[in-house]
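What follows is upload.pdb (PDB, C-alpha atoms and all ligand atoms).
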```pdb
ATOM      1  CA  ALA R 812       6.458 -32.538  18.494
ATOM      2  CA  THR R 813       4.544 -35.431  17.002
ATOM      3  CA  PRO R 814       4.807 -36.120  13.270
ATOM      4  CA  MET R 815       1.121 -35.193  13.059
ATOM      5  CA  SER R 816       1.516 -31.765  14.679
ATOM      6  CA  ILE R 817       4.543 -31.065  12.472
ATOM      7  CA  MET R 818       2.557 -32.029   9.391
ATOM      8  CA  ILE R 819      -0.260 -29.711  10.379
ATOM      9  CA  ALA R 820       2.186 -26.873  11.082
ATOM     10  CA  THR R 821       3.914 -27.442   7.739
ATOM     11  CA  GLY R 822       0.602 -27.272   5.922
ATOM     12  CA  ARG R 823      -0.536 -24.182   7.749
ATOM     13  CA  GLY R 824       2.875 -22.574   7.215
ATOM     14  CA  ALA R 825       2.749 -23.161   3.466
ATOM     15  CA  HIS R 826      -0.676 -21.532   3.416
ATOM     16  CA  GLU R 827       0.764 -18.479   5.206
ATOM     17  CA  GLY R 828       3.854 -18.234   2.992
ATOM     18  CA  VAL R 829       6.242 -19.909   5.456
ATOM     19  CA  LEU R 830       8.026 -22.945   4.002
ATOM     20  CA  ILE R 831       9.380 -25.241   6.718
ATOM     21  CA  LYS R 832      12.261 -27.547   5.806
ATOM     22  CA  ASP R 833      11.821 -30.140   8.569
ATOM     23  CA  ALA R 834      10.643 -30.764  12.141
ATOM     24  CA  GLU R 835      14.007 -29.749  13.622
ATOM     25  CA  ALA R 836      13.882 -26.323  11.999
ATOM     26  CA  LEU R 837      10.469 -25.652  13.544
ATOM     27  CA  GLU R 838      11.496 -26.977  16.956
ATOM     28  CA  ARG R 839      14.671 -24.939  16.993
ATOM     29  CA  PHE R 840      12.828 -21.824  15.897
ATOM     30  CA  ALA R 841      10.587 -22.023  18.954
ATOM     31  CA  ARG R 842      13.744 -21.848  21.104
ATOM     32  CA  VAL R 843      15.403 -18.965  19.231
ATOM     33  CA  ASP R 844      16.125 -15.896  21.401
ATOM     34  CA  THR R 845      18.198 -13.795  19.000
ATOM     35  CA  LEU R 846      17.304 -12.751  15.474
ATOM     36  CA  ILE R 847      19.874 -11.299  13.087
ATOM     37  CA  VAL R 848      18.435  -9.432  10.123
ATOM     38  CA  ASP R 849      20.081  -8.046   7.042
ATOM     39  CA  LYS R 850      19.239  -4.369   6.461
ATOM     40  CA  THR R 851      18.994  -4.178   2.696
ATOM     41  CA  GLY R 852      16.047  -6.064   1.274
ATOM     42  CA  THR R 853      14.934  -7.404   4.647
ATOM     43  CA  LEU R 854      14.170  -4.278   6.682
ATOM     44  CA  THR R 855      14.149  -2.049   3.609
ATOM     45  CA  GLU R 856      12.527  -2.459   0.215
ATOM     46  CA  GLY R 857      15.884  -3.387  -1.286
ATOM     47  CA  LYS R 858      15.161  -0.955  -4.122
ATOM     48  CA  PRO R 859      17.461   1.979  -3.457
ATOM     49  CA  ARG R 860      16.986   5.210  -5.412
ATOM     50  CA  LEU R 861      19.599   7.789  -6.294
ATOM     51  CA  THR R 862      19.076  10.927  -4.184
ATOM     52  CA  ASP R 863      22.295  12.978  -4.294
ATOM     53  CA  VAL R 864      25.179  13.621  -6.693
ATOM     54  CA  VAL R 865      27.879  15.773  -5.100
ATOM     55  CA  PRO R 866      30.945  16.623  -7.198
ATOM     56  CA  LEU R 867      34.294  17.758  -5.793
ATOM     57  CA  GLY R 868      37.177  19.599  -7.458
ATOM     58  CA  GLY R 869      35.753  21.031 -10.683
ATOM     59  CA  ILE R 870      34.080  18.018 -12.296
ATOM     60  CA  SER R 871      30.436  18.655 -13.280
ATOM     61  CA  ASP R 872      27.683  16.649 -11.613
ATOM     62  CA  THR R 873      26.613  15.400 -15.059
ATOM     63  CA  ARG R 874      30.077  14.051 -15.845
ATOM     64  CA  LEU R 875      30.448  12.556 -12.374
ATOM     65  CA  LEU R 876      27.131  10.739 -12.716
ATOM     66  CA  LYS R 877      27.824   9.628 -16.276
ATOM     67  CA  LEU R 878      31.175   8.062 -15.382
ATOM     68  CA  THR R 879      29.686   6.442 -12.284
ATOM     69  CA  ALA R 880      26.666   5.031 -14.100
ATOM     70  CA  SER R 881      28.784   3.767 -17.013
ATOM     71  CA  LEU R 882      30.888   1.708 -14.627
ATOM     72  CA  GLU R 883      27.895   0.480 -12.616
ATOM     73  CA  ARG R 884      26.190  -0.802 -15.766
ATOM     74  CA  ALA R 885      28.566  -3.741 -15.490
ATOM     75  CA  SER R 886      27.551  -4.480 -11.866
ATOM     76  CA  GLU R 887      24.492  -6.423 -10.732
ATOM     77  CA  HIS R 888      24.390  -4.909  -7.247
ATOM     78  CA  PRO R 889      21.104  -3.157  -6.300
ATOM     79  CA  LEU R 890      23.141  -0.007  -5.591
ATOM     80  CA  ALA R 891      24.453  -0.158  -9.156
ATOM     81  CA  GLU R 892      20.920  -0.426 -10.548
ATOM     82  CA  ALA R 893      19.909   2.630  -8.509
ATOM     83  CA  ILE R 894      22.764   4.663  -9.962
ATOM     84  CA  VAL R 895      22.101   3.582 -13.567
ATOM     85  CA  SER R 896      18.348   4.286 -13.364
ATOM     86  CA  GLY R 897      19.001   7.550 -11.536
ATOM     87  CA  ALA R 898      21.296   8.668 -14.335
ATOM     88  CA  GLN R 899      18.787   7.692 -17.032
ATOM     89  CA  GLU R 900      15.989   9.539 -15.234
ATOM     90  CA  ARG R 901      18.209  12.635 -15.313
ATOM     91  CA  GLY R 902      18.660  12.279 -19.082
ATOM     92  CA  ILE R 903      22.167  10.831 -18.938
ATOM     93  CA  ASP R 904      23.015   7.912 -21.187
ATOM     94  CA  PRO R 905      25.669   5.694 -19.603
ATOM     95  CA  SER R 906      28.412   4.519 -21.949
ATOM     96  CA  ASP R 907      30.391   1.271 -21.907
ATOM     97  CA  ALA R 908      32.888   0.309 -19.246
ATOM     98  CA  SER R 909      36.043  -1.764 -19.588
ATOM     99  CA  ASP R 910      38.456  -3.498 -17.198
ATOM    100  CA  PHE R 911      35.569  -3.895 -14.776
ATOM    101  CA  GLU R 912      36.254  -5.396 -11.361
ATOM    102  CA  ALA R 913      33.821  -5.812  -8.434
ATOM    103  CA  ARG R 914      35.086  -6.052  -4.848
ATOM    104  CA  THR R 915      32.461  -7.732  -2.717
ATOM    105  CA  GLY R 916      31.218  -5.568   0.138
ATOM    106  CA  LYS R 917      33.333  -2.636  -1.009
ATOM    107  CA  GLY R 918      32.622  -1.345  -4.506
ATOM    108  CA  VAL R 919      33.685  -1.445  -8.138
ATOM    109  CA  LEU R 920      36.483  -0.182 -10.372
ATOM    110  CA  GLY R 921      37.329  -0.018 -14.051
ATOM    111  CA  LYS R 922      37.337   2.416 -16.949
ATOM    112  CA  ALA R 923      34.451   4.501 -18.281
ATOM    113  CA  ASP R 924      34.931   6.575 -21.460
ATOM    114  CA  GLY R 925      38.563   5.446 -21.224
ATOM    115  CA  THR R 926      38.927   7.164 -17.833
ATOM    116  CA  PRO R 927      39.859   5.182 -14.686
ATOM    117  CA  VAL R 928      36.920   5.291 -12.263
ATOM    118  CA  ALA R 929      36.336   3.638  -8.883
ATOM    119  CA  LEU R 930      33.515   3.914  -6.412
ATOM    120  CA  GLY R 931      32.493   2.397  -3.146
ATOM    121  CA  ASN R 932      32.607   2.676   0.618
ATOM    122  CA  ALA R 933      35.312   3.754   3.047
ATOM    123  CA  ALA R 934      36.985   0.328   2.929
ATOM    124  CA  MET R 935      37.259   0.675  -0.843
ATOM    125  CA  MET R 936      38.810   4.145  -0.466
ATOM    126  CA  ASP R 937      41.270   2.719   2.093
ATOM    127  CA  ASP R 938      42.271   0.040  -0.413
ATOM    128  CA  LEU R 939      42.897   2.742  -3.008
ATOM    129  CA  GLY R 940      44.725   5.057  -0.588
ATOM    130  CA  ILE R 941      42.177   7.857  -1.047
ATOM    131  CA  ASP R 942      41.576  10.360   1.753
ATOM    132  CA  VAL R 943      37.870  11.219   2.056
ATOM    133  CA  THR R 944      38.097  13.860   4.788
ATOM    134  CA  PRO R 945      37.308  16.722   2.328
ATOM    135  CA  LEU R 946      33.795  15.257   2.054
ATOM    136  CA  ALA R 947      33.374  14.080   5.646
ATOM    137  CA  GLU R 948      30.922  16.694   6.852
ATOM    138  CA  GLN R 949      28.526  16.468   3.902
ATOM    139  CA  VAL R 950      28.627  12.694   4.017
ATOM    140  CA  ARG R 951      27.866  12.560   7.735
ATOM    141  CA  SER R 952      24.639  14.507   7.444
ATOM    142  CA  LEU R 953      23.345  12.306   4.593
ATOM    143  CA  ARG R 954      24.166   9.160   6.556
ATOM    144  CA  ASP R 955      22.260  10.506   9.539
ATOM    145  CA  ASP R 956      19.230  10.501   7.213
ATOM    146  CA  GLY R 957      19.804   6.786   6.600
ATOM    147  CA  LYS R 958      21.287   7.256   3.127
ATOM    148  CA  THR R 959      24.081   5.106   1.682
ATOM    149  CA  VAL R 960      27.019   7.083   0.340
ATOM    150  CA  MET R 961      29.458   5.878  -2.316
ATOM    151  CA  PHE R 962      32.677   7.827  -2.859
ATOM    152  CA  VAL R 963      33.784   8.283  -6.461
ATOM    153  CA  VAL R 964      37.386   8.396  -7.646
ATOM    154  CA  VAL R 965      38.160   9.663 -11.155
ATOM    155  CA  ASP R 966      41.672   9.445 -12.570
ATOM    156  CA  GLY R 967      43.037   8.560  -9.154
ATOM    157  CA  ARG R 968      41.545  11.592  -7.402
ATOM    158  CA  LEU R 969      38.509  11.944  -5.140
ATOM    159  CA  ALA R 970      35.806  13.437  -7.401
ATOM    160  CA  GLY R 971      32.769  13.472  -5.105
ATOM    161  CA  PHE R 972      30.122  11.060  -4.017
ATOM    162  CA  VAL R 973      26.686   9.727  -4.894
ATOM    163  CA  ALA R 974      24.053   8.766  -2.330
ATOM    164  CA  VAL R 975      21.024   6.503  -2.443
ATOM    165  CA  ALA R 976      18.072   5.961  -0.128
ATOM    166  CA  ASP R 977      16.303   2.668   0.412
ATOM    167  CA  GLN R 978      12.836   2.967   1.960
ATOM    168  CA  ILE R 979      11.974   0.969   5.035
ATOM    169  CA  LYS R 980       9.172  -1.500   4.244
ATOM    170  CA  GLN R 981       5.788  -0.445   5.568
ATOM    171  CA  THR R 982       5.465  -3.707   7.472
ATOM    172  CA  THR R 983       8.862  -3.552   9.206
ATOM    173  CA  ALA R 984       8.130  -1.394  12.280
ATOM    174  CA  ALA R 985       5.075  -3.379  13.429
ATOM    175  CA  ALA R 986       6.852  -6.687  12.819
ATOM    176  CA  ILE R 987       9.866  -5.582  14.895
ATOM    177  CA  LYS R 988       7.512  -4.700  17.726
ATOM    178  CA  ALA R 989       5.737  -8.056  17.535
ATOM    179  CA  LEU R 990       9.071  -9.900  17.576
ATOM    180  CA  HIS R 991      10.203  -7.868  20.589
ATOM    181  CA  ASP R 992       6.954  -8.706  22.365
ATOM    182  CA  ASN R 993       7.791 -12.308  21.592
ATOM    183  CA  GLY R 994      11.015 -11.983  23.565
ATOM    184  CA  LEU R 995      13.501 -11.801  20.708
ATOM    185  CA  THR R 996      16.616  -9.630  20.680
ATOM    186  CA  ILE R 997      17.002  -8.143  17.213
ATOM    187  CA  ILE R 998      20.372  -7.379  15.683
ATOM    188  CA  MET R 999      20.873  -5.635  12.354
ATOM    189  CA  ALA R1000      23.818  -6.874  10.304
ATOM    190  CA  THR R1001      24.848  -4.919   7.250
ATOM    191  CA  GLY R1002      27.694  -4.218   4.906
ATOM    192  CA  ASP R1003      26.538  -0.619   4.955
ATOM    193  CA  ASN R1004      28.206   2.135   6.936
ATOM    194  CA  GLU R1005      27.790   2.370  10.730
ATOM    195  CA  ARG R1006      26.193   5.811  10.730
ATOM    196  CA  THR R1007      23.628   4.913   8.063
ATOM    197  CA  ALA R1008      22.861   1.629   9.807
ATOM    198  CA  ARG R1009      22.384   3.337  13.184
ATOM    199  CA  ALA R1010      20.012   5.897  11.690
ATOM    200  CA  VAL R1011      17.821   3.111  10.275
ATOM    201  CA  ALA R1012      18.069   0.973  13.450
ATOM    202  CA  LYS R1013      17.136   3.876  15.702
ATOM    203  CA  SER R1014      14.004   4.643  13.712
ATOM    204  CA  LEU R1015      12.904   1.017  14.178
ATOM    205  CA  GLY R1016      13.966   0.380  17.797
ATOM    206  CA  ILE R1017      16.407  -2.346  16.809
ATOM    207  CA  ASP R1018      18.525  -3.511  19.775
ATOM    208  CA  GLU R1019      21.980  -3.764  18.267
ATOM    209  CA  VAL R1020      23.821  -2.860  15.073
ATOM    210  CA  ARG R1021      26.761  -4.562  13.388
ATOM    211  CA  ALA R1022      27.772  -2.439  10.413
ATOM    212  CA  ASP R1023      30.598  -2.372   7.870
ATOM    213  CA  ILE R1024      30.691  -6.147   7.853
ATOM    214  CA  LEU R1025      31.851  -8.175   4.909
ATOM    215  CA  PRO R1026      29.799 -11.247   3.906
ATOM    216  CA  GLU R1027      32.092 -13.583   5.908
ATOM    217  CA  GLY R1028      31.499 -11.291   8.869
ATOM    218  CA  LYS R1029      27.840 -12.289   9.082
ATOM    219  CA  LYS R1030      28.817 -15.907   9.658
ATOM    220  CA  ALA R1031      31.390 -14.802  12.248
ATOM    221  CA  LEU R1032      28.641 -12.851  14.044
ATOM    222  CA  VAL R1033      26.395 -15.932  14.117
ATOM    223  CA  ASP R1034      29.277 -18.030  15.504
ATOM    224  CA  GLU R1035      30.109 -15.386  18.119
ATOM    225  CA  LEU R1036      26.546 -15.157  19.453
ATOM    226  CA  ARG R1037      26.084 -18.941  19.501
ATOM    227  CA  ALA R1038      29.362 -19.331  21.401
ATOM    228  CA  LYS R1039      27.859 -16.995  24.038
ATOM    229  CA  GLY R1040      24.889 -19.346  24.373
ATOM    230  CA  ALA R1041      22.354 -17.515  22.224
ATOM    231  CA  VAL R1042      19.974 -19.527  20.057
ATOM    232  CA  VAL R1043      20.283 -17.661  16.792
ATOM    233  CA  ALA R1044      18.080 -17.216  13.745
ATOM    234  CA  MET R1045      19.543 -15.354  10.802
ATOM    235  CA  ALA R1046      17.369 -13.821   8.075
ATOM    236  CA  GLY R1047      18.904 -12.847   4.762
ATOM    237  CA  ASP R1048      18.272 -12.809   1.051
ATOM    238  CA  GLY R1049      21.569 -12.801  -0.773
ATOM    239  CA  VAL R1050      24.047 -15.270  -2.194
ATOM    240  CA  ASN R1051      26.453 -13.684   0.289
ATOM    241  CA  ASP R1052      24.219 -14.591   3.211
ATOM    242  CA  ALA R1053      24.270 -18.366   2.601
ATOM    243  CA  PRO R1054      27.204 -19.194   4.932
ATOM    244  CA  ALA R1055      25.591 -17.235   7.798
ATOM    245  CA  LEU R1056      22.192 -18.872   7.182
ATOM    246  CA  ALA R1057      23.805 -22.297   7.288
ATOM    247  CA  ALA R1058      25.731 -21.503  10.510
ATOM    248  CA  ALA R1059      22.654 -20.243  12.400
ATOM    249  CA  ASP R1060      20.426 -22.490  14.529
ATOM    250  CA  VAL R1061      17.732 -21.502  12.058
ATOM    251  CA  GLY R1062      18.470 -19.862   8.716
ATOM    252  CA  ILE R1063      15.585 -17.848   7.287
ATOM    253  CA  ALA R1064      15.687 -17.197   3.551
ATOM    254  CA  MET R1065      13.714 -14.160   2.494
ATOM    255  CA  GLY R1066      12.050 -15.650  -0.554
ATOM    256  CA  THR R1067      12.685 -12.802  -2.949
ATOM    257  CA  GLY R1068      16.400 -13.528  -2.824
ATOM    258  CA  ALA R1069      18.881 -16.030  -4.192
ATOM    259  CA  ASP R1070      18.256 -19.767  -4.563
ATOM    260  CA  VAL R1071      21.394 -20.632  -2.632
ATOM    261  CA  ALA R1072      20.015 -18.722   0.349
ATOM    262  CA  MET R1073      16.953 -21.008   0.295
ATOM    263  CA  GLU R1074      19.102 -24.136   0.117
ATOM    264  CA  SER R1075      20.896 -23.079   3.306
ATOM    265  CA  ALA R1076      17.704 -22.221   5.187
ATOM    266  CA  GLY R1077      15.437 -24.036   7.666
ATOM    267  CA  LEU R1078      12.642 -21.607   6.911
ATOM    268  CA  THR R1079      11.876 -19.849   3.647
ATOM    269  CA  LEU R1080       9.511 -16.908   3.529
ATOM    270  CA  VAL R1081       7.683 -16.692   0.241
ATOM    271  CA  LYS R1082       7.047 -12.990   0.672
ATOM    272  CA  GLY R1083      10.247 -11.367   1.806
ATOM    273  CA  ASP R1084       9.062  -9.283   4.751
ATOM    274  CA  LEU R1085       9.423  -9.651   8.515
ATOM    275  CA  ASN R1086       5.751 -10.475   8.985
ATOM    276  CA  GLY R1087       6.592 -13.942   7.724
ATOM    277  CA  ILE R1088       8.985 -14.296  10.665
ATOM    278  CA  VAL R1089       6.247 -13.209  13.080
ATOM    279  CA  ARG R1090       3.912 -15.851  11.590
ATOM    280  CA  ALA R1091       6.623 -18.525  11.643
ATOM    281  CA  ARG R1092       7.348 -17.791  15.293
ATOM    282  CA  ARG R1093       3.658 -18.081  16.270
ATOM    283  CA  LEU R1094       3.416 -21.335  14.373
ATOM    284  CA  ALA R1095       6.542 -22.766  15.999
ATOM    285  CA  MET R1096       5.428 -21.776  19.509
ATOM    286  CA  ALA R1097       1.908 -23.140  19.010
ATOM    287  CA  THR R1098       3.221 -26.426  17.621
ATOM    288  CA  MET R1099       5.660 -26.940  20.479
ATOM    289  CA  LEU R1100       3.084 -26.027  23.142
ATOM    290  CA  ASN R1101       0.555 -28.470  21.711
ATOM    291  CA  ILE R1102       2.745 -31.460  22.319
ATOM    292  CA  ARG R1103       3.495 -30.860  25.977
TER     293      ARG R1103
HETATM  294  P1  LIG D   1      24.561  -5.073   2.083
HETATM  295  O1  LIG D   1      24.944  -5.590   3.430
HETATM  296  O2  LIG D   1      23.680  -3.872   2.197
HETATM  297  O3  LIG D   1      24.031  -6.124   1.169
HETATM  298  P2  LIG D   1      27.078  -5.134   0.560
HETATM  299  O4  LIG D   1      27.888  -6.031   1.458
HETATM  300  O5  LIG D   1      26.595  -5.712  -0.724
HETATM  301  O6  LIG D   1      25.895  -4.456   1.393
HETATM  302  O7  LIG D   1      27.946  -3.827   0.244
HETATM  303  C1  LIG D   1      28.507  -3.033   1.277
HETATM  304  C2  LIG D   1      28.898  -1.667   0.772
HETATM  305  O8  LIG D   1      29.867  -1.788  -0.271
HETATM  306  C3  LIG D   1      27.759  -0.865   0.165
HETATM  307  O9  LIG D   1      27.021  -0.161   1.137
HETATM  308  C4  LIG D   1      28.515   0.070  -0.790
HETATM  309  O10 LIG D   1      29.000   1.182  -0.087
HETATM  310  C5  LIG D   1      29.683  -0.777  -1.257
HETATM  311  N1  LIG D   1      29.355  -1.428  -2.544
HETATM  312  C6  LIG D   1      29.085  -2.730  -2.772
HETATM  313  N2  LIG D   1      28.829  -2.958  -4.078
HETATM  314  C7  LIG D   1      28.895  -1.760  -4.693
HETATM  315  C8  LIG D   1      28.715  -1.297  -6.049
HETATM  316  N3  LIG D   1      28.393  -2.113  -7.058
HETATM  317  N4  LIG D   1      28.885   0.017  -6.291
HETATM  318  C9  LIG D   1      29.196   0.872  -5.293
HETATM  319  N5  LIG D   1      29.370   0.517  -4.024
HETATM  320  C10 LIG D   1      29.240  -0.779  -3.712
HETATM  321 MG    MG D   2      23.316  -7.788   0.496
END
```
Would it be possible to restate this file's structure as structure tokens?
Amino acid sequence: ATPMSIMIATGRGAHEGVLIKDAEALERFARVDTLIVDKTGTLTEGKPRLTDVVPLGGISDTRLLKLTASLERASEHPLAEAIVSGAQERGIDPSDASDFEARTGKGVLGKADGTPVALGNAAMMDDLGIDVTPLAEQVRSLRDDGKTVMFVVVDGRLAGFVAVADQIKQTTAAAIKALHDNGLTIIMATGDNERTARAVAKSLGIDEVRADILPEGKKALVDELRAKGAVVAMAGDGVNDAPALAAADVGIAMGTGADVAMESAGLTLVKGDLNGIVRARRLAMATMLNIR
């Protein structure tokens, strides 16, 4: 494209909430055939809410939630915020935690009220040597509703689980359709559980799901698809997403997220929804067509 057409596109993009880093980013985006999107915060609101507290083995639901929320007060993860607010809304005052440790993509552990507590996903339970089969059936049905389940361990024993739901953004379904019409294959990448991810993907008509992936896994997915010849755009919002954004042909930072995501991105969307990607794609196509 000519410098002039790029300048015009950049100006129009800024007006529409699409910040374009340079001419190459726009040119490459016109050639993209595969879009990887993060589930949490990109497809969904990224504001999960506590929906279920299910105790196991004699602990009360109040105690289970109090211990869980006390530990999560020390975490900055959106799931942690959901648990803390959910507890407060139910009249439970979280206390202080100690010996807090966060394991990225897995969960948290430490002490609450002097009691050892851990919570997180199946990988976290594997690390701790905890068997979750006693809860398998209940967990499965919640995941089929698209909920995220976190197992809770108290004093070294499985003590139940908590679940949260994160609403799909109102704009997501129409944007997915527009991107499909534009010839893109859409892949959801998430650290969340496979069953939960599939439930959300199915409701949106997303082509492919990669679940249970750790942050490094998103970069590996980008590398894998590019090695197969795909021209890949990756949209994400987190600090964790930066390596994958940088590895993609075009990284798309969803503007509501971390600064480091924006630094690694060719495109930054001021408003963090998929409509920005639809607009960016139209802009890129129009700019490239104009010059031929
Ligand atoms: P996402 O891809 O949705 O951003 P993450 O990679 O941050 O997910 O986390 C993956 C999974 O690890 C979560 O779905 C959750 O089960 C578990 N997890 C991560 N952080 C926490 C936390 N602070 N408390 C409980 N569970 C957590
Ligand atoms: Mg994330």
For this session: Could you report the residues within 9 Å of ligand LIG 1 (chain D), using all atoms listed in the file, as an MDAnalysis selection string?
Result: chainID R and resid 849:852 857 879 882:883 885:892 894 913:920 929:935 959:963 1000:1004 1022:1026 1048:1049 1051:1052
Problem set entry | Ground truth for the PyMOL selection byres (((chain R and resi 1077) around 9) and not hetatm), written as number ranges by chain | R: 830-833, 835-837, 840, 1056-1057, 1060-1064, 1073-1076, 1078-1079
For this session: Output the residue selection produced by the PyMOL selection byres (((chain R and resi 1017) around 10) and not hetatm) on the file above, formatted as a list in words.
Result: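 So the PyMOL selection byres (((chain R and resi 1017) around 10) and not hetatm) ends up selecting Val848, Ala984, Ile987, Lys988, His991, Thr996, Ile997, Ile998, Met999, Arg1009, Val1011, Ala1012, Lys1013, Ser1014, Leu1015, Gly1016, Asp1018, Glu1019 and Val1020 of chain R.
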Please dump the current selection as an mmCIF file, in the frame of the given file; keep C-alpha atoms.
```
data_model
loop_
_atom_site.group_PDB
_atom_site.id
_atom_site.type_symbol
_atom_site.label_atom_id
_atom_site.label_comp_id
_atom_site.auth_asym_id
_atom_site.auth_seq_id
_atom_site.Cartn_x
_atom_site.Cartn_y
_atom_site.Cartn_z
ATOM 1 C CA VAL R 848 18.435 -9.432 10.123
ATOM 2 C CA ALA R 984 8.130 -1.394 12.280
ATOM 3 C CA ILE R 987 9.866 -5.582 14.895
ATOM 4 C CA LYS R 988 7.512 -4.700 17.726
ATOM 5 C CA HIS R 991 10.203 -7.868 20.589
ATOM 6 C CA THR R 996 16.616 -9.630 20.680
ATOM 7 C CA ILE R 997 17.002 -8.143 17.213
ATOM 8 C CA ILE R 998 20.372 -7.379 15.683
ATOM 9 C CA MET R 999 20.873 -5.635 12.354
ATOM 10 C CA ARG R 1009 22.384 3.337 13.184
ATOM 11 C CA VAL R 1011 17.821 3.111 10.275
ATOM 12 C CA ALA R 1012 18.069 0.973 13.450
ATOM 13 C CA LYS R 1013 17.136 3.876 15.702
ATOM 14 C CA SER R 1014 14.004 4.643 13.712
ATOM 15 C CA LEU R 1015 12.904 1.017 14.178
ATOM 16 C CA GLY R 1016 13.966 0.380 17.797
ATOM 17 C CA ASP R 1018 18.525 -3.511 19.775
ATOM 18 C CA GLU R 1019 21.980 -3.764 18.267
ATOM 19 C CA VAL R 1020 23.821 -2.860 15.073
#
```
For this session: Given the file shown, determine the residues that the PyMOL selection byres (((chain R and resi 877) around 8) and not hetatm) selects; report them as a list in words.
Result: Thr873, Arg874, Leu875, Leu876, Leu878, Thr879, Ala880, Ser881, Ala898, Ile903, Asp904, Pro905 and Ser906 of chain R
For this session: Could you tell me which of R:Gly1047, R:Gly925, R:Pro945, R:Gly1066 comes closest to ligand MG 2 (chain D) if we count all atoms listed in the file?
Result: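 That would be R:Gly1047, the residue with the smallest distance to ligand MG 2 (chain D).
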Exercise. Do you have the atom CA of Ala970 of chain R-atom CA of Gly869 of chain R distance handy?
Worked result: 8.3 Å
For this session: Could you tell me how far atom CA of Glu900 of chain R lies from atom CA of Glu856 of chain R, in Å and to one decimal?
Result: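 So the answer is 19.9 Å.
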